[in-house]
$ cat upload_33.cif   # mmCIF, C-alpha atoms and all ligand atoms
data_coords
#
loop_
_atom_site.label_atom_id
_atom_site.label_comp_id
_atom_site.auth_asym_id
_atom_site.auth_seq_id
_atom_site.Cartn_x
_atom_site.Cartn_y
_atom_site.Cartn_z
CA MET G 1 3.51 137.78 -119.13
CA HIS G 2 2.26 135.16 -121.51
CA LEU G 3 5.63 133.32 -121.48
CA ARG G 4 5.71 133.28 -117.70
CA THR G 5 2.29 131.73 -117.60
CA ALA G 6 3.31 129.04 -120.09
CA ALA G 7 6.43 128.20 -118.06
CA ALA G 8 4.38 128.12 -114.86
CA ARG G 9 1.93 125.79 -116.54
CA ARG G 10 4.72 123.48 -117.59
CA TYR G 11 6.05 123.45 -114.02
CA ALA G 12 2.57 122.78 -112.72
CA VAL G 13 2.57 119.56 -114.74
CA VAL G 14 6.20 118.50 -114.32
CA LEU G 15 6.64 119.13 -110.60
CA PRO G 16 3.75 116.95 -109.38
CA LEU G 17 4.91 114.25 -111.80
CA LEU G 18 8.42 114.40 -110.34
CA GLY G 19 6.88 114.24 -106.88
CA VAL G 20 4.90 111.12 -107.75
CA LEU G 21 8.01 109.58 -109.33
CA ALA G 22 10.05 110.30 -106.18
CA LEU G 23 7.35 108.70 -104.03
CA ALA G 24 7.24 105.65 -106.28
CA LEU G 25 11.03 105.29 -106.25
CA ALA G 26 11.07 105.62 -102.44
CA GLY G 27 9.21 102.31 -102.45
CA CYS G 28 12.36 100.69 -103.84
CA SER G 29 14.63 101.65 -100.93
CA ARG G 30 16.10 98.59 -99.25
CA ASP G 31 16.99 100.43 -96.06
CA GLN G 32 13.46 101.57 -95.40
CA TYR G 33 11.98 98.09 -95.52
CA PRO G 34 14.11 95.78 -93.42
CA GLN G 35 11.05 93.63 -92.76
CA THR G 36 10.50 92.50 -96.32
CA ALA G 37 10.21 88.93 -97.57
CA LEU G 38 11.29 90.04 -101.06
CA LEU G 39 14.99 90.33 -100.16
CA PRO G 40 15.70 86.85 -98.77
CA LEU G 41 18.78 86.30 -96.61
CA SER G 42 18.59 82.56 -96.05
CA ASP G 43 18.12 79.25 -97.88
CA PHE G 44 14.61 78.90 -96.42
CA ALA G 45 13.54 82.42 -97.41
CA ARG G 46 14.90 81.90 -100.91
CA ILE G 47 12.63 78.86 -101.45
CA GLY G 48 9.56 81.03 -100.79
CA ASP G 49 10.95 83.93 -102.79
CA ASP G 50 11.64 81.68 -105.81
CA VAL G 51 8.06 80.38 -105.76
CA GLN G 52 6.82 83.95 -105.52
CA ASP G 53 9.01 85.07 -108.44
CA THR G 54 7.89 82.12 -110.59
CA THR G 55 4.23 82.83 -109.85
CA PHE G 56 4.78 86.53 -110.49
CA TYR G 57 6.17 85.93 -113.99
CA TRP G 58 3.36 83.51 -114.84
CA ALA G 59 0.85 86.11 -113.66
CA LEU G 60 2.67 88.85 -115.61
CA GLY G 61 2.46 86.75 -118.81
CA VAL G 62 -1.25 86.09 -118.29
CA PHE G 63 -1.86 89.78 -117.55
CA ILE G 64 -0.10 90.94 -120.72
CA LEU G 65 -1.91 88.38 -122.91
CA VAL G 66 -5.37 89.04 -121.46
CA GLU G 67 -5.07 92.84 -121.33
CA GLY G 68 -3.45 92.85 -124.77
CA ALA G 69 -6.31 90.83 -126.25
CA LEU G 70 -8.80 93.09 -124.50
CA LEU G 71 -7.21 96.34 -125.75
CA TYR G 72 -6.85 94.92 -129.26
CA SER G 73 -10.52 93.96 -129.32
CA VAL G 74 -11.64 97.30 -127.94
CA PHE G 75 -9.95 99.21 -130.76
CA ARG G 76 -10.20 96.69 -133.59
CA PHE G 77 -13.89 95.83 -133.12
CA ARG G 78 -15.19 99.12 -131.83
CA GLY G 79 -18.96 99.14 -132.49
CA LYS G 80 -20.96 101.86 -134.23
CA PRO G 81 -24.67 102.48 -133.66
CA GLU G 82 -25.61 101.14 -137.14
CA ASP G 83 -23.59 97.88 -136.78
CA PRO G 84 -25.57 94.60 -136.79
CA GLU G 85 -25.54 92.52 -133.59
CA PRO G 86 -22.22 90.59 -133.41
CA SER G 87 -22.26 86.78 -133.46
CA GLN G 88 -22.88 85.27 -130.00
CA ILE G 89 -20.52 82.66 -128.49
CA HIS G 90 -22.52 81.70 -125.39
CA GLY G 91 -22.60 77.91 -125.12
CA ASN G 92 -19.70 77.37 -127.56
CA THR G 93 -18.20 74.15 -126.21
CA THR G 94 -14.85 74.46 -127.98
CA ILE G 95 -14.15 77.94 -126.61
CA GLU G 96 -15.29 76.94 -123.09
CA ILE G 97 -13.00 73.91 -123.09
CA ILE G 98 -10.07 76.04 -124.22
CA TRP G 99 -10.51 78.74 -121.59
CA THR G 100 -10.98 76.16 -118.85
CA LEU G 101 -8.06 74.01 -119.92
CA ILE G 102 -5.45 76.79 -120.27
CA PRO G 103 -5.87 78.16 -116.69
CA ALA G 104 -5.98 74.58 -115.36
CA LEU G 105 -2.64 73.82 -117.06
CA ILE G 106 -1.11 77.06 -115.75
CA LEU G 107 -2.25 76.25 -112.19
CA ALA G 108 -0.83 72.73 -112.52
CA ALA G 109 2.49 74.20 -113.68
CA ILE G 110 2.59 76.62 -110.75
CA ALA G 111 1.68 73.80 -108.34
CA VAL G 112 4.91 71.95 -109.14
CA PRO G 113 7.35 74.49 -107.59
CA THR G 114 4.80 75.37 -104.87
CA VAL G 115 4.34 71.81 -103.59
CA LYS G 116 8.07 71.19 -103.90
CA GLY G 117 8.71 74.32 -101.82
CA ILE G 118 6.20 73.28 -99.17
CA PHE G 119 7.94 69.93 -98.73
CA GLU G 120 11.39 71.52 -98.71
CA THR G 121 10.50 74.07 -96.05
CA ASN G 122 8.97 71.39 -93.83
CA ARG G 123 12.06 69.20 -93.85
CA THR G 124 14.63 70.35 -91.30
CA PRO G 125 18.20 69.70 -92.44
CA ALA G 126 20.10 67.35 -90.13
CA GLY G 127 22.56 68.70 -87.58
CA ALA G 128 20.77 72.00 -86.98
CA MET G 129 21.29 73.95 -83.77
CA LYS G 130 18.09 73.93 -81.70
CA ILE G 131 16.56 77.10 -80.32
CA GLU G 132 13.35 76.88 -78.30
CA VAL G 133 10.87 79.66 -79.01
CA ILE G 134 8.10 80.31 -76.50
CA GLY G 135 5.46 82.86 -77.42
CA HIS G 136 3.95 84.96 -74.63
CA GLN G 137 1.42 87.81 -74.67
CA TRP G 138 3.32 89.91 -75.86
CA TRP G 139 6.98 88.95 -76.02
CA TRP G 140 9.26 86.08 -77.07
CA GLU G 141 11.34 83.75 -74.92
CA PHE G 142 14.38 82.14 -76.60
CA ARG G 143 16.19 79.17 -75.07
CA TYR G 144 19.37 77.49 -76.33
CA PRO G 145 19.07 73.98 -74.84
CA ASP G 146 22.55 72.78 -75.89
CA ALA G 147 24.23 75.76 -74.22
CA GLY G 148 21.74 75.99 -71.36
CA VAL G 149 21.18 79.69 -72.06
CA THR G 150 17.96 81.75 -72.06
CA THR G 151 17.25 85.20 -73.44
CA ALA G 152 14.25 87.18 -74.69
CA ASN G 153 13.14 89.25 -77.67
CA GLU G 154 16.54 89.34 -79.37
CA MET G 155 17.60 86.04 -80.87
CA PHE G 156 21.30 85.48 -81.57
CA ILE G 157 22.11 83.14 -84.43
CA PRO G 158 25.38 82.12 -86.10
CA GLN G 159 25.70 83.07 -89.76
CA GLY G 160 26.17 80.12 -92.11
CA LYS G 161 24.83 77.54 -89.64
CA THR G 162 21.35 76.05 -89.74
CA VAL G 163 19.18 76.81 -86.76
CA GLU G 164 16.05 74.85 -85.94
CA LEU G 165 13.34 76.57 -83.93
CA VAL G 166 11.17 74.38 -81.73
CA GLN G 167 8.15 76.50 -81.00
CA ASN G 168 5.50 76.57 -78.28
CA SER G 169 3.17 79.10 -76.71
CA ALA G 170 2.61 79.87 -73.03
CA ASP G 171 -0.86 81.23 -73.67
CA VAL G 172 -2.66 81.85 -76.99
CA ILE G 173 -1.78 81.23 -80.65
CA HIS G 174 1.04 83.42 -82.00
CA SER G 175 3.02 83.23 -85.22
CA PHE G 176 6.77 83.63 -85.47
CA TRP G 177 7.80 85.56 -88.55
CA PRO G 178 11.38 86.65 -89.35
CA PRO G 179 10.70 87.85 -92.95
CA ARG G 180 14.31 88.05 -94.16
CA PHE G 181 15.00 84.49 -92.97
CA ALA G 182 11.81 82.43 -93.12
CA GLY G 183 8.08 82.35 -93.63
CA LYS G 184 5.51 82.54 -90.87
CA ARG G 185 5.06 79.57 -88.57
CA ASP G 186 2.21 79.48 -86.08
CA VAL G 187 3.07 78.98 -82.41
CA PHE G 188 0.51 77.00 -80.42
CA PRO G 189 0.00 76.19 -76.75
CA GLY G 190 0.37 72.43 -76.25
CA ARG G 191 1.61 71.71 -79.75
CA GLU G 192 5.09 71.91 -81.19
CA THR G 193 5.88 73.56 -84.52
CA ARG G 194 9.25 73.84 -86.18
CA LEU G 195 11.02 76.34 -88.37
CA TRP G 196 14.59 76.43 -89.67
CA TRP G 197 16.98 78.47 -91.76
CA LYS G 198 20.63 79.15 -92.48
CA ALA G 199 21.45 82.87 -92.52
CA ASP G 200 23.65 84.27 -95.33
CA SER G 201 24.35 87.61 -93.72
CA THR G 202 25.15 89.20 -90.41
CA GLY G 203 23.18 92.08 -88.94
CA LEU G 204 20.15 92.98 -86.89
CA PHE G 205 16.83 92.10 -88.49
CA PRO G 206 13.32 92.78 -87.20
CA GLY G 207 10.55 90.22 -87.03
CA GLN G 208 6.95 90.21 -85.93
CA CYS G 209 4.19 88.11 -84.43
CA ALA G 210 1.93 87.39 -87.39
CA GLU G 211 -1.18 85.97 -85.71
CA TYR G 212 -3.58 88.25 -83.88
CA CYS G 213 -3.08 87.51 -80.18
CA GLY G 214 -4.64 90.38 -78.24
CA ILE G 215 -4.50 94.16 -78.10
CA GLN G 216 -0.71 94.40 -78.22
CA HIS G 217 -0.28 91.90 -81.05
CA ALA G 218 1.17 94.65 -83.27
CA ARG G 219 3.84 95.32 -80.64
CA MET G 220 4.86 91.69 -80.25
CA ALA G 221 7.99 92.15 -82.29
CA PHE G 222 11.50 90.75 -81.92
CA HIS G 223 14.93 90.96 -83.53
CA VAL G 224 17.24 88.36 -84.97
CA ARG G 225 20.89 89.23 -84.47
CA SER G 226 22.93 87.24 -86.94
CA VAL G 227 26.63 87.21 -86.06
CA THR G 228 29.70 85.31 -87.24
CA PRO G 229 30.13 81.81 -85.71
CA GLY G 230 33.06 83.12 -83.64
CA GLU G 231 31.02 86.00 -82.26
CA PHE G 232 28.17 83.61 -81.57
CA ASP G 233 30.41 81.31 -79.51
CA GLN G 234 31.66 84.36 -77.61
CA TRP G 235 28.11 85.46 -76.92
CA ILE G 236 27.14 81.98 -75.67
CA ALA G 237 30.19 81.89 -73.39
CA HIS G 238 29.34 85.37 -72.13
CA MET G 239 25.74 84.36 -71.42
CA GLN G 240 26.91 81.19 -69.71
CA SER G 241 28.69 83.37 -67.15
CA LYS G 242 25.33 84.81 -66.13
CA GLY G 243 24.27 81.99 -63.89
CA PRO G 244 23.55 81.51 -60.25
CA LYS G 245 26.72 81.76 -58.17
CA ALA G 246 27.87 78.64 -56.34
CA PRO G 247 26.42 78.71 -52.82
CA ALA G 248 29.88 79.12 -51.24
CA ALA G 249 29.04 82.16 -49.10
CA PRO G 250 29.74 81.78 -45.37
CA ALA G 251 26.74 81.30 -43.12
CA ALA G 252 27.24 84.70 -41.51
CA ALA G 253 27.03 86.57 -44.81
CA PRO G 254 24.96 89.77 -44.81
CA ALA G 255 21.34 89.25 -45.75
CA GLY G 256 21.67 91.11 -49.07
CA ASP G 257 24.38 88.79 -50.34
CA SER G 258 22.26 85.85 -51.38
CA LEU G 259 20.06 88.17 -53.42
CA LYS G 260 23.08 89.31 -55.41
CA THR G 261 23.34 85.89 -56.96
CA ALA G 262 20.43 86.87 -59.16
CA SER G 263 22.60 89.29 -61.08
CA ALA G 264 25.84 87.41 -61.43
CA GLY G 265 27.81 88.58 -64.40
CA ALA G 266 26.49 92.17 -64.43
CA LYS G 267 28.93 94.92 -65.26
CA VAL G 268 28.75 97.92 -63.00
CA GLN G 269 30.94 100.16 -65.10
CA GLY G 270 30.48 100.73 -68.77
CA PRO G 271 33.49 100.70 -71.09
CA GLY G 272 35.68 103.79 -70.93
CA GLN G 273 34.44 104.99 -67.59
CA ASP G 274 37.12 106.04 -65.12
CA SER G 275 36.73 105.23 -61.46
CA ALA G 276 35.74 108.80 -60.53
CA ALA G 277 32.75 108.67 -62.85
CA GLY G 278 32.10 105.10 -61.76
CA ALA G 279 31.46 105.95 -58.12
CA PRO G 280 28.04 107.59 -58.49
CA GLN G 281 27.25 104.96 -61.12
CA GLU G 282 27.94 102.27 -58.55
CA ALA G 283 25.68 103.98 -56.05
CA GLU G 284 22.87 104.07 -58.62
CA TYR G 285 23.50 100.41 -59.41
CA ALA G 286 23.31 99.40 -55.76
CA LYS G 287 20.12 101.40 -55.30
CA GLY G 288 18.64 99.89 -58.44
CA GLU G 289 19.54 96.40 -57.34
CA LYS G 290 17.78 96.91 -54.04
CA LEU G 291 14.70 98.29 -55.80
CA PHE G 292 14.70 95.35 -58.21
CA MET G 293 14.54 92.97 -55.25
CA THR G 294 11.93 94.92 -53.27
CA LYS G 295 9.60 96.37 -55.91
CA GLY G 296 8.42 92.96 -57.06
CA CYS G 297 10.41 92.85 -60.34
CA MET G 298 11.98 89.55 -59.27
CA GLY G 299 8.61 87.83 -59.14
CA CYS G 300 8.32 87.87 -62.93
CA HIS G 301 11.80 88.50 -64.34
CA SER G 302 14.96 86.41 -64.17
CA LEU G 303 18.38 88.04 -64.43
CA GLN G 304 20.27 84.80 -65.00
CA ALA G 305 20.76 83.36 -68.45
CA VAL G 306 21.76 79.96 -67.08
CA GLN G 307 19.22 77.77 -65.28
CA ALA G 308 16.61 80.40 -65.97
CA PRO G 309 13.16 79.21 -64.94
CA LYS G 310 11.12 78.20 -67.97
CA GLY G 311 7.99 80.08 -68.90
CA LEU G 312 8.34 82.95 -66.41
CA ILE G 313 5.67 85.63 -66.65
CA GLY G 314 8.08 88.37 -67.72
CA PRO G 315 10.97 88.39 -70.20
CA ASN G 316 14.41 87.20 -69.12
CA LEU G 317 16.58 90.25 -68.42
CA ALA G 318 20.05 88.65 -68.26
CA ASN G 319 21.37 90.83 -71.12
CA VAL G 320 18.62 93.45 -71.29
CA GLY G 321 21.18 96.29 -71.10
CA ALA G 322 22.72 95.24 -74.41
CA ARG G 323 19.54 94.65 -76.38
CA SER G 324 18.71 96.99 -79.24
CA HIS G 325 15.07 97.28 -78.17
CA ILE G 326 12.85 96.78 -75.13
CA ALA G 327 9.16 95.96 -74.67
CA ALA G 328 9.37 93.15 -77.26
CA GLY G 329 11.31 94.57 -80.15
CA TRP G 330 9.61 97.86 -80.94
CA LEU G 331 10.88 100.45 -78.43
CA LYS G 332 14.51 101.60 -78.82
CA ASN G 333 16.56 100.68 -75.76
CA THR G 334 17.53 104.22 -74.77
CA ASP G 335 17.93 105.29 -71.13
CA GLU G 336 14.90 107.54 -71.48
CA ASN G 337 12.68 104.79 -72.91
CA LEU G 338 13.86 102.24 -70.37
CA GLU G 339 13.11 104.57 -67.46
CA ARG G 340 9.68 105.44 -68.81
CA TRP G 341 8.90 101.76 -69.44
CA ILE G 342 9.83 100.95 -65.84
CA ARG G 343 7.71 103.84 -64.50
CA GLU G 344 4.54 103.44 -66.54
CA PRO G 345 4.40 100.30 -68.66
CA GLN G 346 0.63 100.60 -68.90
CA ALA G 347 0.97 103.98 -70.61
CA VAL G 348 3.66 102.72 -72.99
CA LYS G 349 2.09 99.35 -73.86
CA LYS G 350 -1.41 99.13 -72.43
CA GLY G 351 -2.52 95.72 -71.28
CA VAL G 352 0.88 94.12 -70.65
CA LEU G 353 1.16 91.99 -67.53
CA MET G 354 3.64 94.41 -65.93
CA PRO G 355 1.61 96.80 -63.75
CA ASN G 356 2.54 100.41 -62.98
CA LEU G 357 4.34 99.88 -59.68
CA GLY G 358 4.46 103.49 -58.51
CA VAL G 359 8.14 103.86 -59.37
CA THR G 360 9.35 107.46 -58.97
CA VAL G 361 11.53 109.23 -61.56
CA GLU G 362 14.54 108.89 -59.27
CA GLU G 363 13.87 105.20 -58.68
CA SER G 364 13.46 104.55 -62.39
CA ARG G 365 16.90 106.10 -62.96
CA ALA G 366 18.45 103.70 -60.45
CA LEU G 367 16.60 100.70 -61.88
CA ARG G 368 17.72 101.72 -65.37
CA ALA G 369 21.36 101.91 -64.19
CA TYR G 370 21.01 98.45 -62.68
CA LEU G 371 19.41 96.92 -65.76
CA ARG G 372 21.76 98.73 -68.16
CA ALA G 373 24.65 96.99 -66.40
CA HIS G 374 23.18 93.63 -67.41
CA GLN G 375 24.81 93.48 -70.81
CU1 LIG B 1 1.54 87.20 -80.59
CU2 LIG B 1 0.30 88.31 -82.25
#

$ encode --input "upload_33.cif" --output "structure tokens" --more "lines below"
Ligand code: CUA
Amino acid sequence: MHLRTAAARRYAVVLPLLGVLALALAGCSRDQYPQTALLPLSDFARIGDDVQDTTFYWALGVFILVEGALLYSVFRFRGKPEDPEPSQIHGNTTIEIIWTLIPALILAAIAVPTVKGIFETNRTPAGAMKIEVIGHQWWWEFRYPDAGVTTANEMFIPQGKTVELVQNSADVIHSFWPPRFAGKRDVFPGRETRLWWKADSTGLFPGQCAEYCGIQHARMAFHVRSVTPGEFDQWIAHMQSKGPKAPAAPAAAPAGDSLKTASAGAKVQGPGQDSAAGAPQEAEYAKGEKLFMTKGCMGCHSLQAVQAPKGLIGPNLANVGARSHIAAGWLKNTDENLERWIREPQAVKKGVLMPNLGVTVEESRALRAYLRAHQ
């Protein structure tokens, strides 16, 4: 009985300790924190990370010295009630000069890499590929002026090539922050700001608006999709096929035909679908297309990546079917989420400019099929 109690007591101490240790170690997981600035993946991000590391080690040295001196004094000079009053150092000029001078020298030393880093990050390397970033409440428009391509919320970049972001806002102040690649850069209406980096790695990386910009600021996210230069060229070529069709249609064309130009380049059938399965899919697509034209979606959204109107109210949807997320980078692009978003955007992300349009469940399925085809 006594032994069991002792063992139980030992467990009562060890188990919570192990639990705390597990929690602490969970903080080290790289996979759980993709949006960290401490694991830089670009030249730009490494400049900031180096400054942070330098400052951290300076601070660690100061901490150890100060706390060490404090602990030493606490134990070495512990007072007893009968001790005489210790000698007072208030007004001792020598000591005051020393403890003013040492921190001043440390700050001056830290300023050297900091100021150097500030200048480095503000100097865009020559020959960078331009990407225009336009902040909107609450989503991001990305335009590739050299290729004439527009997209939204998921930025494609080529690994190993420097990109230069030229940033503007359509409404209020935002801040573009892709933590693995670069520091925050505010995005203003009527004023241009720039940001640049060269990505080391490929992959999909989340980013976030970092300046409070209204009630959905926290859900003004985005993704950077870094791909190999070859894949990037393929993507650009693919997007360039999503333009307005040449107006070659005969004059007697059916009325619906001219509307179809809006979705040039859409794929009706997904990969691996046989024609039997494709038939109902095509019907859904056609129904969705009609709804897209009649429900008012077209007023705010463009489906063409080429010659897309600048600064439209809603995000460009040219490749919305292929994006990892919808609703500006925070909602997984599943069929279920896409349908719900179409039906009741105000319930999903209250305050967005897209109103609930009274779309039925059946209609949302058709609209989803139509949008999903825009890969
Ligand atoms: Cu945009 Cu916060």

$ residues_near_point --input "upload_33.cif" --point "(3.2, 77.4, -91.7)" --cutoff "10 Å" --atoms "all atoms listed in the file" --output "list in words"
Ile118, Thr121, Asn122, Ser175, Phe176, Trp177, Gly183, Lys184, Arg185, Asp186, Val187, Thr193, Arg194 and Leu195 of chain G

$ residues_near_ligand --input "upload_33.cif" --ligand "ligand LIG 1 (chain B)" --cutoff "7 Å" --atoms "all atoms listed in the file" --output "compact mmCIF listing (two decimals) with C-alpha atoms, in the frame of the given file"
# COMPACT_ATOMS: atom_id res chain seq x y z
CA GLY G 135 5.46 82.86 -77.42
CA HIS G 136 3.95 84.96 -74.63
CA GLN G 137 1.42 87.81 -74.67
CA TRP G 138 3.32 89.91 -75.86
CA ILE G 173 -1.78 81.23 -80.65
CA HIS G 174 1.04 83.42 -82.00
CA SER G 175 3.02 83.23 -85.22
CA CYS G 209 4.19 88.11 -84.43
CA ALA G 210 1.93 87.39 -87.39
CA GLU G 211 -1.18 85.97 -85.71
CA TYR G 212 -3.58 88.25 -83.88
CA CYS G 213 -3.08 87.51 -80.18
CA GLY G 214 -4.64 90.38 -78.24
CA HIS G 217 -0.28 91.90 -81.05
CA ALA G 218 1.17 94.65 -83.27
CA MET G 220 4.86 91.69 -80.25

$ axis_aligned_box --input "upload_33.cif" --around "segment 290-299 of chain G" --padding-each-side "4 Å" --output "JSON"
{"center_x": 13.1, "center_y": 93.1, "center_z": -56.8, "size_x": 17.4, "size_y": 18.5, "size_z": 15.1}

$ closest_residue --input "upload_33.cif" --among "G:Met239, G:Ala7, G:Val163, G:Val112" --to "Gly127 of chain G" --atoms "only C-alpha atoms"
G:Val163

$ atom_distance --input "upload_33.cif" --atom1 "atom CA of Asp53 of chain G" --atom2 "atom CA of Ala109 of chain G"
13.7 Å

$ closest_residue --input "upload_33.cif" --among "G:Trp341, G:Trp196, G:Trp58, G:Phe156" --to "Ala182 of chain G" --atoms "all atoms listed in the file"
G:Trp196

$ closest_residue --input "upload_33.cif" --among "G:Arg219, G:Arg368, G:His325, G:Lys349" --to "Lys287 of chain G" --atoms "all atoms listed in the file"
G:Arg368

$ atom_distance --input "upload_33.cif" --atom1 "atom CA of Gln240 of chain G" --atom2 "atom CA of Gln304 of chain G"
8.9 Å

$ closest_residue --input "upload_33.cif" --among "G:Val348, G:Leu367, G:Val66, G:Thr294" --to "Pro103 of chain G" --atoms "only C-alpha atoms"
G:Val66

$ atom_distance --input "upload_33.cif" --atom1 "atom CA of Gly351 of chain G" --atom2 "atom CA of Asp171 of chain G"
14.8 Å

$ residues_around --input "upload_33.cif" --residues "Glu339 of chain G" --least-positions-apart "4" --cutoff "12 Å" --atoms "only C-alpha atoms" --output "list of chain:residue names"
G:Gly288, G:Ile326, G:Ala327, G:Leu331, G:Lys332, G:Asn333, G:Thr334, G:Asp335, G:Arg343, G:Glu344, G:Pro345, G:Val348, G:Val359, G:Thr360, G:Val361, G:Glu362, G:Glu363, G:Ser364, G:Arg365, G:Ala366, G:Leu367, G:Arg368, G:Ala369, G:Tyr370, G:Leu371, G:Arg372

$ write_last_selection --input "upload_33.cif" --atoms "C-alpha atoms" --output "PDB file, in the frame of the given file"
ATOM      1  CA  GLY G 288      18.640  99.890 -58.440  1.00  0.00           C
ATOM      2  CA  ILE G 326      12.850  96.780 -75.130  1.00  0.00           C
ATOM      3  CA  ALA G 327       9.160  95.960 -74.670  1.00  0.00           C
ATOM      4  CA  LEU G 331      10.880 100.450 -78.430  1.00  0.00           C
ATOM      5  CA  LYS G 332      14.510 101.600 -78.820  1.00  0.00           C
ATOM      6  CA  ASN G 333      16.560 100.680 -75.760  1.00  0.00           C
ATOM      7  CA  THR G 334      17.530 104.220 -74.770  1.00  0.00           C
ATOM      8  CA  ASP G 335      17.930 105.290 -71.130  1.00  0.00           C
ATOM      9  CA  ARG G 343       7.710 103.840 -64.500  1.00  0.00           C
ATOM     10  CA  GLU G 344       4.540 103.440 -66.540  1.00  0.00           C
ATOM     11  CA  PRO G 345       4.400 100.300 -68.660  1.00  0.00           C
ATOM     12  CA  VAL G 348       3.660 102.720 -72.990  1.00  0.00           C
ATOM     13  CA  VAL G 359       8.140 103.860 -59.370  1.00  0.00           C
ATOM     14  CA  THR G 360       9.350 107.460 -58.970  1.00  0.00           C
ATOM     15  CA  VAL G 361      11.530 109.230 -61.560  1.00  0.00           C
ATOM     16  CA  GLU G 362      14.540 108.890 -59.270  1.00  0.00           C
ATOM     17  CA  GLU G 363      13.870 105.200 -58.680  1.00  0.00           C
ATOM     18  CA  SER G 364      13.460 104.550 -62.390  1.00  0.00           C
ATOM     19  CA  ARG G 365      16.900 106.100 -62.960  1.00  0.00           C
ATOM     20  CA  ALA G 366      18.450 103.700 -60.450  1.00  0.00           C
ATOM     21  CA  LEU G 367      16.600 100.700 -61.880  1.00  0.00           C
ATOM     22  CA  ARG G 368      17.720 101.720 -65.370  1.00  0.00           C
ATOM     23  CA  ALA G 369      21.360 101.910 -64.190  1.00  0.00           C
ATOM     24  CA  TYR G 370      21.010  98.450 -62.680  1.00  0.00           C
ATOM     25  CA  LEU G 371      19.410  96.920 -65.760  1.00  0.00           C
ATOM     26  CA  ARG G 372      21.760  98.730 -68.160  1.00  0.00           C
TER      27      ARG G 372
END

$ residues_around --input "upload_33.cif" --residues "Thr228 of chain G" --least-positions-apart "5" --cutoff "9 Å" --atoms "only C-alpha atoms" --output "VMD selection string"
chain G and resid 157 to 160 201 to 202 233

$ closest_residue --input "upload_33.cif" --among "G:Gly27, G:Pro84, G:Pro34, G:Gly148" --to "Ala237 of chain G" --atoms "all atoms listed in the file"
G:Gly148

$ residues_around --input "upload_33.cif" --residues "Ala318 of chain G" --least-positions-apart "2" --cutoff "7 Å" --atoms "only C-alpha atoms" --output "PyMOL selection string"
chain G and resi 151+242+302-305+316+320+374

$ write_last_selection --input "upload_33.cif" --atoms "C-alpha atoms" --output "compact mmCIF listing (two decimals), in the frame of the given file"
# COMPACT_ATOMS: atom_id res chain seq x y z
CA THR G 151 17.25 85.20 -73.44
CA LYS G 242 25.33 84.81 -66.13
CA SER G 302 14.96 86.41 -64.17
CA LEU G 303 18.38 88.04 -64.43
CA GLN G 304 20.27 84.80 -65.00
CA ALA G 305 20.76 83.36 -68.45
CA ASN G 316 14.41 87.20 -69.12
CA VAL G 320 18.62 93.45 -71.29
CA HIS G 374 23.18 93.63 -67.41

$ closest_atom_pairs --input "upload_33.cif" --of "segment 101-189 of chain G" --to "segment 38-52 of chain G" --cutoff "8 Å" --atoms "only C-alpha atoms" --output "CSV"
residue,atom,partner,partner_atom,distance
G:Pro113,CA,G:Val51,CA,6.2
G:Thr114,CA,G:Val51,CA,6.0
G:Gly117,CA,G:Ile47,CA,6.0
G:Glu120,CA,G:Ile47,CA,7.9
G:Thr121,CA,G:Phe44,CA,6.4
G:Pro179,CA,G:Ala45,CA,7.6
G:Arg180,CA,G:Pro40,CA,5.0
G:Phe181,CA,G:Ser42,CA,5.1
G:Ala182,CA,G:Ala45,CA,4.6
G:Gly183,CA,G:Ala45,CA,6.6

$ closest_residue --input "upload_33.cif" --among "G:His301, G:Arg10, G:Lys198, G:His90" --to "Ala128 of chain G" --atoms "only C-alpha atoms"
G:Lys198

$ build_atoms --input "upload_33.cif" --residues "segment 92-97 of chain G" --atoms "N, CA, C and O atoms" --output "CSV table (one decimal), in the coordinates of the input"
chain,number,residue,atom,x,y,z
G,92,ASN,N,-20.6,78.0,-126.6
G,92,ASN,CA,-19.7,77.4,-127.6
G,92,ASN,C,-18.7,76.4,-126.8
G,92,ASN,O,-17.9,76.9,-126.1
G,93,THR,N,-18.9,75.1,-127.0
G,93,THR,CA,-18.2,74.2,-126.2
G,93,THR,C,-16.7,74.2,-126.4
G,93,THR,O,-15.9,74.2,-125.5
G,94,THR,N,-16.3,74.4,-127.7
G,94,THR,CA,-14.8,74.5,-128.0
G,94,THR,C,-14.2,75.6,-127.2
G,94,THR,O,-13.1,75.4,-126.5
G,95,ILE,N,-14.8,76.8,-127.3
G,95,ILE,CA,-14.2,77.9,-126.6
G,95,ILE,C,-14.1,77.7,-125.1
G,95,ILE,O,-13.2,78.0,-124.4
G,96,GLU,N,-15.2,77.2,-124.5
G,96,GLU,CA,-15.3,76.9,-123.1
G,96,GLU,C,-14.3,75.9,-122.6
G,96,GLU,O,-13.7,76.1,-121.6
G,97,ILE,N,-14.0,74.9,-123.4
G,97,ILE,CA,-13.0,73.9,-123.1
G,97,ILE,C,-11.6,74.6,-123.1
G,97,ILE,O,-10.8,74.4,-122.2
